[in-house]
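A short worksheet on the structure shown next.
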Amino acid sequence: AQSVAQPEDQVNVAEGNPLTVKCTYSVSGNPYLFWYVQYPNRGLQFLLKYITGDNLVKGSYGFEAEFNKSQTSFHLKKPSALVSDSALYFCAVRGGGSYIPTFGRGTSLIVHP
Amino acid sequence: ETGVTQTPRHLVMGMTNKKSLKCEQHLGHNAMYWYKQSAKKPLELMFVYSLEERVENNSVPSRFSPECPNSSHLFLHLHTLQPEDSALYLCASRPGQGSYGYTFGSGTRLTVV
């Protein structure tokens, strides 16, 4: 079985400050990890993925995520937050045996001006 | 627009009504999915249509009935729903074997009264 935990319902950060949205996972075999963002009244948009290779993955809108195998984590980061980054962020994982990912419950990111 | 179009965007229906949600993609993707999104819960996979995977989600009540007449269209037929079925219903599609990311539609906000 595969699972994802996003331990924070909400993350608050001031504009210009670095942000981190946490994600830990459990999966059999090598993980395929994803981050998606959802803006109000929209579906989920793909941000980035880790399949193999460098542990630091760069994605859209200046976001990046760091894969840490020993801690089974895939935290989303951005060096300098923008008010427009305020949205709901979902982490997802799947194992090699399935094309169907398991999503977390989402973390609401609020960036204050 | 993501290339996955869902209609209607909003739907209010009584518990005795019958309605259908529609999803359409012309991205050439080979797999389509229905997800249910409820506040502060993980995305719930409801149905999968794919040449590569078969998922029997026995937890989805029979009042939800999917139909996939071709690779570009997906429907979710609804009848005798309950108020707890109120949620955002998301359609997603994925290219064929070897691909990893989903493309989501904007969703249908369903309210059952």
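In the structure tokens, each chain is lettered A, B, ... as it comes, each chain's residues begin at 1, and ligands are numbered from 1 in order of appearance.
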
Requested in this report: Please provide as a list in words all residues within 9 Å of segment 11-21 of chain A, with the sequence filter that same-chain residues fewer than 6 positions apart are discarded (counting only C-alpha atoms).
Outcome: His75, Leu76, Lys77, Lys78, Pro79, Ser80, Ala81, Leu82, Val83, Tyr89, Thr107, Ser108, Leu109, Ile110, Val111, His112 and Pro113 of chain A

Only C-alpha atoms, please: the residues just picked out, written as a PDB file, in the first residue's frame.
```pdb
ATOM      1  CA  HIS A  75       9.139  18.778   0.906  1.00  0.00           C
ATOM      2  CA  LEU A  76       8.153  21.599  -1.442  1.00  0.00           C
ATOM      3  CA  LYS A  77      10.213  24.776  -1.210  1.00  0.00           C
ATOM      4  CA  LYS A  78      10.546  28.228  -2.684  1.00  0.00           C
ATOM      5  CA  PRO A  79      13.254  30.733  -1.765  1.00  0.00           C
ATOM      6  CA  SER A  80      11.003  33.801  -1.870  1.00  0.00           C
ATOM      7  CA  ALA A  81       7.227  33.549  -1.556  1.00  0.00           C
ATOM      8  CA  LEU A  82       4.774  35.634  -3.564  1.00  0.00           C
ATOM      9  CA  VAL A  83       1.214  36.544  -2.585  1.00  0.00           C
ATOM     10  CA  TYR A  89      -0.849  22.239  -2.488  1.00  0.00           C
ATOM     11  CA  THR A 107      -1.917  22.049   2.570  1.00  0.00           C
ATOM     12  CA  SER A 108      -3.267  25.557   2.287  1.00  0.00           C
ATOM     13  CA  LEU A 109      -0.457  28.040   1.721  1.00  0.00           C
ATOM     14  CA  ILE A 110      -1.217  31.635   2.653  1.00  0.00           C
ATOM     15  CA  VAL A 111       1.326  34.288   1.739  1.00  0.00           C
ATOM     16  CA  HIS A 112       0.786  37.587   3.516  1.00  0.00           C
ATOM     17  CA  PRO A 113       1.769  40.878   1.883  1.00  0.00           C
TER      18      PRO A 113
END
```

Proximity check chain B to chain A, 6 Å, nearest pairs one decimal Å, only C-alpha atoms, as a Markdown table:
```
| residue | atom | partner | partner_atom | distance |
| --- | --- | --- | --- | --- |
| B:Lys40 | CA | A:Arg105 | CA | 5.6 |
| B:Lys41 | CA | A:Arg105 | CA | 4.6 |
| B:Pro42 | CA | A:Arg105 | CA | 3.6 |
| B:Leu43 | CA | A:Phe103 | CA | 5.8 |
| B:Phe104 | CA | A:Gly43 | CA | 5.5 |
| B:Gly105 | CA | A:Gly43 | CA | 5.2 |
| B:Ser106 | CA | A:Gly43 | CA | 3.9 |
| B:Gly107 | CA | A:Gly43 | CA | 5.8 |
```

Requested in this report: Rounded to one decimal place, report the atom CA of Lys36 of chain B-atom CA of Val113 of chain B distance in Å.
Outcome: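 Here the two named atoms are 17.7 Å from each other.
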
Requested in this report: Choose the residue, out of B:Phe75, B:Thr111, B:Glu44, B:Ala87, that has the smallest atom-to-atom separation from Leu21 of chain B; count only C-alpha atoms.
Outcome: B:Phe75

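The interatomic distance for the pair atom CA of Gln6 of chain B and atom CA of Cys91 of chain B works out to 7.2 Å.
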
Query raised in the report: If we count only C-alpha atoms, what is near segment 31-33 of chain B at a cut-off of 7 Å, once residues fewer than 4 positions away on the same chain are taken out, given as a count of residues only?
Result: 10

**Report entry** Residue nearest Asn58 of chain B among B:Asp85, B:Leu45, B:Leu74, B:Lys18 (counting only C-alpha atoms)
**Finding:**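 Selected residue with least distance to Asn58 of chain B: B:Leu45.
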
Requested in this report: Check segment 7-87 of chain B with DSSP on the backbone and list each residue it calls strand (DSSP E), as a ChimeraX atom specification.
Outcome: /B:7,10-13,18-25,31-37,44-50,64-70,73-79,87

Query raised in the report: Smallest atom-to-atom distance to Thr16 of chain B: which of B:Asn57, B:Thr103, B:Ser72, B:Gln82, using only C-alpha atoms?
Result: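 For Thr16 of chain B, the nearest of the candidates is B:Gln82.
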
Requested in this report: DSSP on the backbone, then: every residue of segment 4-92 of chain A marked helix (DSSP H, G or I), written as an MDAnalysis selection string.
Outcome: chainID A and resid 60:62 83:85

I'd like a table as a Markdown table: residues in segment 19-92 of chain B with an atom no more than 9 Å from segment 9-15 of chain B, each row giving the shortest atom pair and its distance in Å to one decimal, only C-alpha atoms counted, sorted by chain and rising residue number.
```
| residue | atom | partner | partner_atom | distance |
| --- | --- | --- | --- | --- |
| B:Lys19 | CA | B:Met13 | CA | 7.8 |
| B:Leu21 | CA | B:Leu11 | CA | 9.0 |
| B:His79 | CA | B:Met15 | CA | 7.6 |
| B:Thr80 | CA | B:Met15 | CA | 4.9 |
| B:Leu81 | CA | B:Met15 | CA | 5.0 |
| B:Gln82 | CA | B:Met15 | CA | 5.9 |
| B:Pro83 | CA | B:Met15 | CA | 7.6 |
```

Query - Nearest to Asn30 of chain B, chosen from B:His73, B:Pro61, B:Pro66, B:Pro8, with only C-alpha atoms counted in the distances - result: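 Looking only at the distances to Asn30 of chain B, the closest residue turns out to be B:His73.
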
Report task. Measuring atom to atom with only C-alpha atoms, identify which of B:Ala39, B:Leu110, B:Tyr89, B:Ser65 is nearest to His77 of chain B. Result -> B:Ser65

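Interatomic distance, atom CA of Trp34 of chain B against atom CA of Thr2 of chain B: 16.0 Å.
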
Report task. Give me the residues within 7 Å of segment 53-57 of chain A as a PyMOL selection string, counting only C-alpha atoms and dropping any in the same chain fewer than 3 places off. Result -> chain A and resi 50+64-68

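Comparing the minimum interatomic distances between Tyr61 of chain A and each of A:Gln10, A:Ser84, A:Ser26, A:Gly97, counting only C-alpha atoms, we find that A:Ser84 sits nearest.
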